[in-house]
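Participant: Below are the structure tokens for one structure; questions will follow.
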Amino acid sequence: MTDYLHDKTGDDPAVAELEGLLGAYAHRAPLRELPPRRGWRIPAVTGSLALAAALVAIVIWRRGEEAGAVDCRSPGPGFAFAVDGGPARCAGDVATHGTLPVGAWLETAVSATADVRVADIGSLKVYGDSRVRLVGTGAAGHHLELARGRIAARVIAPPRLFVVDTPVATAVDLGCAYELAVESDGRTHLRVTSGAVSLEGHGLVAYAPIGSEVFAVAGRGPGTPMATGASPALRAAVAGFDAGDRTALRGIIAAAGPRDTVTLWNLLSRTAGDARAEIVARLDAISPLPPGIRAGDVRAGDAAAIAGWRASLEDRWLCPECFEP
Amino acid sequence: MDVREATVAELVVAARDGDRAAFAALYQRFHRVIHAVVLARVAACEAGDIVQDAFTDAWRKLVRLREPAAFPGWLIAIARNRATDAARRRSFEPAADLAIALAIDLAIDPPPRLEAVAALRAIRELPDTYRETLLMRLVEGLTGPEIAAHTGMSPDSVRVHLHRGMKLLRERLGGPGGER
């Protein structure tokens with residue numbers, strides 16, 4: 001007797017279809033590099049070398065202690081990290097792995113990347129030529145500063161528990177995964193690959209869900225989020241609007257298509273009066289107001305009504321192609 | 001030792017003595033089972049990290065495992081504990097925010113279809129007894145005999161878990177594999 005579910009003999013199209021769907025989740029990753037074992041039995045031949053190395057390490061450690069230096073080698077409070085592909089410095093010392101303590105900077109060479117464990121809530125990849133500081137970590141939250149370069153964060157935690165400051169804005173994690181890049185002049189670029197992130201500063205909040213990106217520049221705070229696949233016309237209009245050209249709003253409305261609802265929704269909180277009314281009309285044409293949300297309340301800037309509309313847009317942001325004709 | 005031909009017990013003994021190649025061979029044999037155990041409890045986008053953490057734990061603690069034959073159950077217990085801890089740390093209820101709940105199961109590369117997310121969520125709602133076994137079969141592609149060999153369950157138990165779990169899954173799904 002055949003039993004496809006049990007031993008793959010025979011035929012069961014329904015089970016095969018489920019296999020095809022769920023196979024996307026199959027695990028394929030190779031084994032990560034294993035750490036050294038503590039208390040490992042050291043062969044006698046290398047014992048004396050290890051002892052000498054330990055003595056040297058103690059001397060170096062004590063010299064650092066005397067100088068009041070932060071130590072990235074001891075497993076104290078902080079974020080564990082490992083560097084690959086090139087050199088990096090932790091608290092000024094060359095380091096291949098260790099623990100980034102509170103207050104210390106981790107700086108990667110152009111060719112290097114560093115994997116950083118964000119407490120017990122996620123991980124961070126620090127790309128080359130980047131400078132990251134651990135500002136604080138504890139039950140109340142985890143706080144980093146990205147002064148230069150690029151990071152990719154993946155965090156599973158309650159919203160707002162993980163935040164990253166850049167020179168011009170603060171990225172507040174609301175979901176799962178994003179990339180954050182900071183140029184030499186502080187210009188910040190956030191791209192969200194899963195969940196959502198709030199980019200905040202200068203009294204502005206940009207809500208960036210999966211599939212969107214947003215820029216922030218000095219003196220202006222975060223701009224208006226856009227779909228990562230937004231058209232050049234929409235990008236140009238958003239750039240103009242964010243730079244203070246209110247007339248660019250017409251260009252945004254004209255260029256906005258079904259994938260640009262994230263831009264339109266964010267603009268509801270950045271406009272008022274007739275301008276907001278025009279956005280309401282355009283957004284309503286693409287994604288009608290959900291039951292229970294009144295257009296008049298949104299036009300009046302009612303925060304609950306605007307948030308209620310967002311809830312109905314989340315599915316569209318999650319799967320844009322699901323809503324296209 | 002040829003790690004391809006070695007038994008699990010032989011690999012465990014070698015890995016316990018520090019043989020990284022032997023441990024890598026154990027990873028090759030068990031990573032799919034461990035991933036299913038983890039995926040039954042946490043979001044897809046964090047399951048990979050927890051699998052690696054579980055194997056790192058196992059590598060560190062292997063010197064304390066006295067009975068090599070106990071390795072599969074011991075490793076699975078480590079993975080269950082890791083995944084349960086990770087799930088517990090999330091003080092929010094994912095189902096309360098459907099968008100985030102869906103997003104964290106979509107955040108793998110390449111992204112799965114939405115029907116896959118729905119099927120995964122339906123499996124996670126099944127009783128513990130069936131979740132892991134179904135994920136080993138439907139996600140990782142292991143057969144019942146392979147599941148039995150890698151978990152220490154009896155072949156009959158695996159068969160029963162698969163069929164009862166699938167029956168419950170069909171009742172929950174209106175889509176692929178479900179009763180239409």
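By convention in this document, the chains of the structure tokens carry letters A, B, ... by their order, each chain's residues are numbered from 1, and ligands are numbered from 1 in the order they are shown.
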Please return, as a PDB file with N, CA and C atoms, in the first residue's frame, all residues of chain A lying within 9 Å of chain B when only C-alpha atoms are considered.
Facilitator:
ATOM      1  N   TYR A   4       1.932   8.347   0.460  1.00  0.00           N
ATOM      2  CA  TYR A   4       2.809   9.456   0.074  1.00  0.00           C
ATOM      3  C   TYR A   4       3.162  10.340   1.267  1.00  0.00           C
ATOM      4  N   LEU A   5       2.198  10.570   2.145  1.00  0.00           N
ATOM      5  CA  LEU A   5       2.471  11.439   3.297  1.00  0.00           C
ATOM      6  C   LEU A   5       3.589  10.850   4.157  1.00  0.00           C
ATOM      7  N   HIS A   6       3.570   9.524   4.317  1.00  0.00           N
ATOM      8  CA  HIS A   6       4.545   8.912   5.216  1.00  0.00           C
ATOM      9  C   HIS A   6       5.882   8.665   4.556  1.00  0.00           C
ATOM     10  N   ASP A   7       5.876   8.058   3.395  1.00  0.00           N
ATOM     11  CA  ASP A   7       7.170   7.649   2.832  1.00  0.00           C
ATOM     12  C   ASP A   7       7.354   8.056   1.364  1.00  0.00           C
ATOM     13  N   LYS A   8       6.481   8.935   0.881  1.00  0.00           N
ATOM     14  CA  LYS A   8       6.587   9.472  -0.478  1.00  0.00           C
ATOM     15  C   LYS A   8       6.371   8.418  -1.558  1.00  0.00           C
ATOM     16  N   PRO A  13      -1.689  14.593  -4.464  1.00  0.00           N
ATOM     17  CA  PRO A  13      -1.467  15.946  -4.990  1.00  0.00           C
ATOM     18  C   PRO A  13      -1.604  17.039  -3.937  1.00  0.00           C
ATOM     19  N   ALA A  14      -2.537  16.863  -3.003  1.00  0.00           N
ATOM     20  CA  ALA A  14      -2.746  17.907  -1.993  1.00  0.00           C
ATOM     21  C   ALA A  14      -1.509  18.042  -1.104  1.00  0.00           C
ATOM     22  N   VAL A  15      -0.967  16.902  -0.674  1.00  0.00           N
ATOM     23  CA  VAL A  15       0.242  16.939   0.160  1.00  0.00           C
ATOM     24  C   VAL A  15       1.412  17.477  -0.657  1.00  0.00           C
ATOM     25  N   ALA A  16       1.479  17.066  -1.902  1.00  0.00           N
ATOM     26  CA  ALA A  16       2.580  17.552  -2.754  1.00  0.00           C
ATOM     27  C   ALA A  16       2.496  19.063  -2.940  1.00  0.00           C
ATOM     28  N   GLU A  17       1.275  19.574  -3.035  1.00  0.00           N
ATOM     29  CA  GLU A  17       1.126  21.014  -3.199  1.00  0.00           C
ATOM     30  C   GLU A  17       1.575  21.751  -1.938  1.00  0.00           C
ATOM     31  N   LEU A  18       1.215  21.192  -0.795  1.00  0.00           N
ATOM     32  CA  LEU A  18       1.679  21.797   0.465  1.00  0.00           C
ATOM     33  C   LEU A  18       3.205  21.748   0.566  1.00  0.00           C
ATOM     34  N   GLU A  19       3.783  20.627   0.163  1.00  0.00           N
ATOM     35  CA  GLU A  19       5.248  20.519   0.161  1.00  0.00           C
ATOM     36  C   GLU A  19       5.861  21.628  -0.694  1.00  0.00           C
ATOM     37  N   GLY A  20       5.245  21.826  -1.870  1.00  0.00           N
ATOM     38  CA  GLY A  20       5.772  22.850  -2.778  1.00  0.00           C
ATOM     39  C   GLY A  20       5.718  24.242  -2.167  1.00  0.00           C
ATOM     40  N   LEU A  21       4.621  24.516  -1.463  1.00  0.00           N
ATOM     41  CA  LEU A  21       4.479  25.823  -0.825  1.00  0.00           C
ATOM     42  C   LEU A  21       5.445  25.984   0.341  1.00  0.00           C
ATOM     43  N   LEU A  22       5.406  25.006   1.226  1.00  0.00           N
ATOM     44  CA  LEU A  22       6.163  25.137   2.479  1.00  0.00           C
ATOM     45  C   LEU A  22       7.656  24.877   2.296  1.00  0.00           C
ATOM     46  N   GLY A  23       8.000  24.292   1.166  1.00  0.00           N
ATOM     47  CA  GLY A  23       9.429  24.062   0.898  1.00  0.00           C
ATOM     48  C   GLY A  23      10.226  25.356   0.862  1.00  0.00           C
ATOM     49  N   ALA A  24       9.528  26.489   0.685  1.00  0.00           N
ATOM     50  CA  ALA A  24      10.221  27.791   0.701  1.00  0.00           C
ATOM     51  C   ALA A  24      10.884  28.037   2.045  1.00  0.00           C
ATOM     52  N   TYR A  25      10.377  27.377   3.076  1.00  0.00           N
ATOM     53  CA  TYR A  25      10.939  27.577   4.414  1.00  0.00           C
ATOM     54  C   TYR A  25      12.059  26.591   4.749  1.00  0.00           C
ATOM     55  N   ALA A  26      12.344  25.676   3.852  1.00  0.00           N
ATOM     56  CA  ALA A  26      13.332  24.631   4.173  1.00  0.00           C
ATOM     57  C   ALA A  26      14.680  25.252   4.540  1.00  0.00           C
ATOM     58  N   HIS A  27      15.331  24.616   5.466  1.00  0.00           N
ATOM     59  CA  HIS A  27      16.602  25.145   5.984  1.00  0.00           C
ATOM     60  C   HIS A  27      17.756  24.694   5.103  1.00  0.00           C
ATOM     61  N   ARG A  28      18.562  25.658   4.638  1.00  0.00           N
ATOM     62  CA  ARG A  28      19.683  25.310   3.753  1.00  0.00           C
ATOM     63  C   ARG A  28      21.003  25.899   4.234  1.00  0.00           C
ATOM     64  N   ALA A  29      20.964  26.712   5.276  1.00  0.00           N
ATOM     65  CA  ALA A  29      22.179  27.440   5.675  1.00  0.00           C
ATOM     66  C   ALA A  29      23.261  26.489   6.176  1.00  0.00           C
ATOM     67  N   PRO A  30      24.525  26.802   5.855  1.00  0.00           N
ATOM     68  CA  PRO A  30      25.620  25.983   6.395  1.00  0.00           C
ATOM     69  C   PRO A  30      25.861  26.295   7.864  1.00  0.00           C
ATOM     70  N   LEU A  31      26.626  25.448   8.487  1.00  0.00           N
ATOM     71  CA  LEU A  31      26.948  25.629   9.907  1.00  0.00           C
ATOM     72  C   LEU A  31      27.808  26.875  10.085  1.00  0.00           C
ATOM     73  N   ARG A  32      27.420  27.702  11.055  1.00  0.00           N
ATOM     74  CA  ARG A  32      28.199  28.890  11.371  1.00  0.00           C
ATOM     75  C   ARG A  32      29.525  28.461  12.007  1.00  0.00           C
ATOM     76  N   GLU A  33      30.520  29.334  11.923  1.00  0.00           N
ATOM     77  CA  GLU A  33      31.824  28.990  12.511  1.00  0.00           C
ATOM     78  C   GLU A  33      31.663  28.714  14.009  1.00  0.00           C
ATOM     79  N   LEU A  34      32.247  27.617  14.440  1.00  0.00           N
ATOM     80  CA  LEU A  34      32.087  27.221  15.837  1.00  0.00           C
ATOM     81  C   LEU A  34      33.055  27.994  16.726  1.00  0.00           C
ATOM     82  N   PRO A  35      32.608  28.350  17.919  1.00  0.00           N
ATOM     83  CA  PRO A  35      33.505  29.063  18.836  1.00  0.00           C
ATOM     84  C   PRO A  35      34.464  28.073  19.502  1.00  0.00           C
ATOM     85  N   PRO A  36      35.540  28.571  20.086  1.00  0.00           N
ATOM     86  CA  PRO A  36      36.399  27.667  20.861  1.00  0.00           C
ATOM     87  C   PRO A  36      35.643  27.183  22.087  1.00  0.00           C
ATOM     88  N   ARG A  37      35.980  25.965  22.508  1.00  0.00           N
ATOM     89  CA  ARG A  37      35.326  25.449  23.704  1.00  0.00           C
ATOM     90  C   ARG A  37      36.044  25.934  24.939  1.00  0.00           C
ATOM     91  N   ARG A  38      35.271  26.330  25.939  1.00  0.00           N
ATOM     92  CA  ARG A  38      35.908  26.709  27.201  1.00  0.00           C
ATOM     93  C   ARG A  38      36.350  25.448  27.930  1.00  0.00           C
ATOM     94  N   TRP A  40      38.756  23.603  27.288  1.00  0.00           N
ATOM     95  CA  TRP A  40      39.194  22.590  26.351  1.00  0.00           C
ATOM     96  C   TRP A  40      40.520  21.980  26.785  1.00  0.00           C
ATOM     97  N   ARG A  41      40.664  20.681  26.586  1.00  0.00           N
ATOM     98  CA  ARG A  41      41.911  20.021  26.966  1.00  0.00           C
ATOM     99  C   ARG A  41      43.003  20.416  25.996  1.00  0.00           C
ATOM    100  N   ASP A 120      19.417  39.544  23.331  1.00  0.00           N
ATOM    101  CA  ASP A 120      18.762  38.288  22.971  1.00  0.00           C
ATOM    102  C   ASP A 120      17.585  38.539  22.043  1.00  0.00           C
ATOM    103  N   ILE A 121      17.633  39.673  21.326  1.00  0.00           N
ATOM    104  CA  ILE A 121      16.471  39.987  20.479  1.00  0.00           C
ATOM    105  C   ILE A 121      16.791  40.001  18.990  1.00  0.00           C
ATOM    106  N   GLY A 122      18.043  39.849  18.611  1.00  0.00           N
ATOM    107  CA  GLY A 122      18.309  39.858  17.183  1.00  0.00           C
ATOM    108  C   GLY A 122      19.773  39.999  16.856  1.00  0.00           C
ATOM    109  N   SER A 123      20.023  40.427  15.640  1.00  0.00           N
ATOM    110  CA  SER A 123      21.405  40.525  15.190  1.00  0.00           C
ATOM    111  C   SER A 123      21.554  41.719  14.253  1.00  0.00           C
ATOM    112  N   ARG A 154      18.181  42.867  12.207  1.00  0.00           N
ATOM    113  CA  ARG A 154      17.086  41.889  12.199  1.00  0.00           C
ATOM    114  C   ARG A 154      16.708  41.665  13.658  1.00  0.00           C
ATOM    115  N   VAL A 155      15.538  42.101  14.025  1.00  0.00           N
ATOM    116  CA  VAL A 155      15.160  42.131  15.435  1.00  0.00           C
ATOM    117  C   VAL A 155      13.754  41.577  15.611  1.00  0.00           C
ATOM    118  N   ILE A 156      13.608  40.704  16.593  1.00  0.00           N
ATOM    119  CA  ILE A 156      12.275  40.237  16.970  1.00  0.00           C
ATOM    120  C   ILE A 156      12.062  40.683  18.407  1.00  0.00           C
ATOM    121  N   ALA A 157      11.271  41.689  18.587  1.00  0.00           N
ATOM    122  CA  ALA A 157      11.076  42.246  19.923  1.00  0.00           C
ATOM    123  C   ALA A 157       9.838  43.131  19.894  1.00  0.00           C
ATOM    124  N   PRO A 158       9.328  43.464  21.065  1.00  0.00           N
ATOM    125  CA  PRO A 158       8.217  44.414  21.082  1.00  0.00           C
ATOM    126  C   PRO A 158       8.641  45.722  20.422  1.00  0.00           C
ATOM    127  N   PRO A 159       7.714  46.431  19.820  1.00  0.00           N
ATOM    128  CA  PRO A 159       8.058  47.690  19.152  1.00  0.00           C
ATOM    129  C   PRO A 159       8.782  48.656  20.085  1.00  0.00           C
ATOM    130  N   LEU A 174      10.057  48.696  14.757  1.00  0.00           N
ATOM    131  CA  LEU A 174       8.674  48.289  15.045  1.00  0.00           C
ATOM    132  C   LEU A 174       8.409  46.867  14.572  1.00  0.00           C
ATOM    133  N   GLY A 175       9.399  46.275  13.895  1.00  0.00           N
ATOM    134  CA  GLY A 175       9.109  44.978  13.292  1.00  0.00           C
ATOM    135  C   GLY A 175      10.318  44.082  13.235  1.00  0.00           C
ATOM    136  N   CYS A 176      10.827  43.819  12.057  1.00  0.00           N
ATOM    137  CA  CYS A 176      11.772  42.702  11.961  1.00  0.00           C
ATOM    138  C   CYS A 176      13.104  43.012  11.292  1.00  0.00           C
ATOM    139  N   ALA A 177      13.145  43.639  10.150  1.00  0.00           N
ATOM    140  CA  ALA A 177      14.428  43.745   9.454  1.00  0.00           C
ATOM    141  C   ALA A 177      14.520  45.018   8.619  1.00  0.00           C
ATOM    142  N   THR A 193      12.991  45.901   5.047  1.00  0.00           N
ATOM    143  CA  THR A 193      12.797  44.648   4.314  1.00  0.00           C
ATOM    144  C   THR A 193      11.777  43.733   4.979  1.00  0.00           C
ATOM    145  N   SER A 194      11.397  44.048   6.214  1.00  0.00           N
ATOM    146  CA  SER A 194      10.363  43.266   6.883  1.00  0.00           C
ATOM    147  C   SER A 194       9.805  44.078   8.042  1.00  0.00           C
ATOM    148  N   GLY A 195       8.531  43.899   8.335  1.00  0.00           N
ATOM    149  CA  GLY A 195       7.942  44.634   9.448  1.00  0.00           C
ATOM    150  C   GLY A 195       7.866  46.125   9.152  1.00  0.00           C
ATOM    151  N   ALA A 196       8.225  46.932  10.115  1.00  0.00           N
ATOM    152  CA  ALA A 196       8.139  48.380   9.938  1.00  0.00           C
ATOM    153  C   ALA A 196       9.128  49.079  10.852  1.00  0.00           C
ATOM    154  N   ILE A 210       7.425  47.483   5.419  1.00  0.00           N
ATOM    155  CA  ILE A 210       8.131  46.578   4.498  1.00  0.00           C
ATOM    156  C   ILE A 210       8.017  47.095   3.067  1.00  0.00           C
ATOM    157  N   ALA A 311      -4.119  50.857   9.169  1.00  0.00           N
ATOM    158  CA  ALA A 311      -4.335  49.434   9.443  1.00  0.00           C
ATOM    159  C   ALA A 311      -4.875  48.722   8.218  1.00  0.00           C
ATOM    160  N   GLU A 314      -2.030  48.069   5.544  1.00  0.00           N
ATOM    161  CA  GLU A 314      -0.880  47.208   5.864  1.00  0.00           C
ATOM    162  C   GLU A 314      -0.805  45.987   4.942  1.00  0.00           C
ATOM    163  N   ASP A 315      -1.955  45.385   4.659  1.00  0.00           N
ATOM    164  CA  ASP A 315      -1.945  44.208   3.783  1.00  0.00           C
ATOM    165  C   ASP A 315      -1.409  44.557   2.399  1.00  0.00           C
ATOM    166  N   TRP A 317       0.737  46.929   1.729  1.00  0.00           N
ATOM    167  CA  TRP A 317       2.173  47.154   1.822  1.00  0.00           C
ATOM    168  C   TRP A 317       2.923  45.826   1.914  1.00  0.00           C
ATOM    169  N   LEU A 318       2.261  44.878   2.562  1.00  0.00           N
ATOM    170  CA  LEU A 318       2.888  43.562   2.725  1.00  0.00           C
ATOM    171  C   LEU A 318       2.976  42.824   1.400  1.00  0.00           C
ATOM    172  N   CYS A 319       1.980  42.975   0.582  1.00  0.00           N
ATOM    173  CA  CYS A 319       1.942  42.232  -0.685  1.00  0.00           C
ATOM    174  C   CYS A 319       1.357  43.117  -1.777  1.00  0.00           C
TER     175      CYS A 319
END
Participant: Quick one: residues within 10 Å of Gly273 (chain A), only C-alpha atoms counted, chain neighbours fewer than 5 positions away excluded, as a PyMOL selection string?
Facilitator: chain A and resi 278+299-301
Participant: Those selected residues, please, written with C-alpha atoms and delivered as a short mmCIF file (atom, residue, chain, number, x, y, z; two decimals), in the first residue's frame.
Facilitator:
data_model
loop_
_atom_site.label_atom_id
_atom_site.label_comp_id
_atom_site.auth_asym_id
_atom_site.auth_seq_id
_atom_site.Cartn_x
_atom_site.Cartn_y
_atom_site.Cartn_z
CA GLU A 278 -6.30 66.29 -2.10
CA ARG A 299 -9.17 65.63 6.50
CA ALA A 300 -9.33 67.21 9.96
CA GLY A 301 -6.11 65.41 10.91
#
Participant: With only C-alpha atoms as the basis for distance, which of A:Leu249, A:Ala206, A:Ala243, A:Leu161 is at the shortest distance from Leu190 (chain A)?
Facilitator: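 Of A:Leu249, A:Ala206, A:Ala243, A:Leu161, the one nearest Leu190 (chain A) is A:Ala206, counting only C-alpha atoms.
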Participant: Give me the residues near Gly141 (chain A) as JSON, numbers by chain, where near means some atom within 7 Å (using only C-alpha atoms) and where sequence neighbours in that chain fewer than 3 positions away do not count.
Facilitator: {"A": [137, 138, 161, 162]}
Participant: Could you name the residues that touch region 2-11 of chain B at 6 Å or less, counting only C-alpha atoms, but leaving out those on the same chain fewer than 4 positions away, as a PyMOL selection string?
Facilitator: chain B and resi 15+22+68-69
Participant: Have a look at CA of Arg316 (chain A) and CA of Pro291 (chain A) and let me know their distance in Å, one decimal.
Facilitator: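 Atom-to-atom, CA of Arg316 (chain A) and CA of Pro291 (chain A) are spaced 16.5 Å apart.
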Participant: Give the helix (DSSP H, G or I) residues of region 5-154 of chain B, as assigned by DSSP on the backbone, as a count of residues only.
Facilitator: 114
Participant: Expressed in Å to a single decimal, how great is the separation between CA of Gly292 (chain A) and CA of Ala256 (chain A)?
Facilitator: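 Between CA of Gly292 (chain A) and CA of Ala256 (chain A) the gap is 24.9 Å.
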Participant: With only C-alpha atoms as the counted atoms, please give the residues lying no more than 8 Å from Ile306 (chain A), apart from itself and same-chain residues fewer than 4 positions off, as a PyMOL selection string.
Facilitator: chain A and resi 265+268+298+301-302+310
Participant: Could you write out the selected residues, including C-alpha atoms, as a PDB file, in the first residue's frame?
Facilitator:
ATOM      1  CA  TRP A 265      -0.547  57.884   3.863  1.00  0.00           C
ATOM      2  CA  LEU A 268      -1.615  62.857   5.677  1.00  0.00           C
ATOM      3  CA  VAL A 298      -8.940  62.245   8.213  1.00  0.00           C
ATOM      4  CA  GLY A 301      -6.114  65.413  10.915  1.00  0.00           C
ATOM      5  CA  ASP A 302      -7.669  63.106  13.491  1.00  0.00           C
ATOM      6  CA  ARG A 310      -3.109  52.693   7.959  1.00  0.00           C
TER       7      ARG A 310
END
Participant: With only C-alpha atoms as the basis for distance, which of A:Thr166, A:Phe79, A:Ala237, A:Trp105 is at the shortest distance from His142 (chain A)?
Facilitator: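 Of A:Thr166, A:Phe79, A:Ala237, A:Trp105, the one nearest His142 (chain A), counting only C-alpha atoms, is A:Phe79.
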Participant: Give me the residues near Gly240 (chain A) as a PyMOL selection string, where near means some atom within 12 Å (using only C-alpha atoms) and where sequence neighbours in that chain fewer than 6 positions away do not count.
Facilitator: chain A and resi 223-224+233-234+246-252
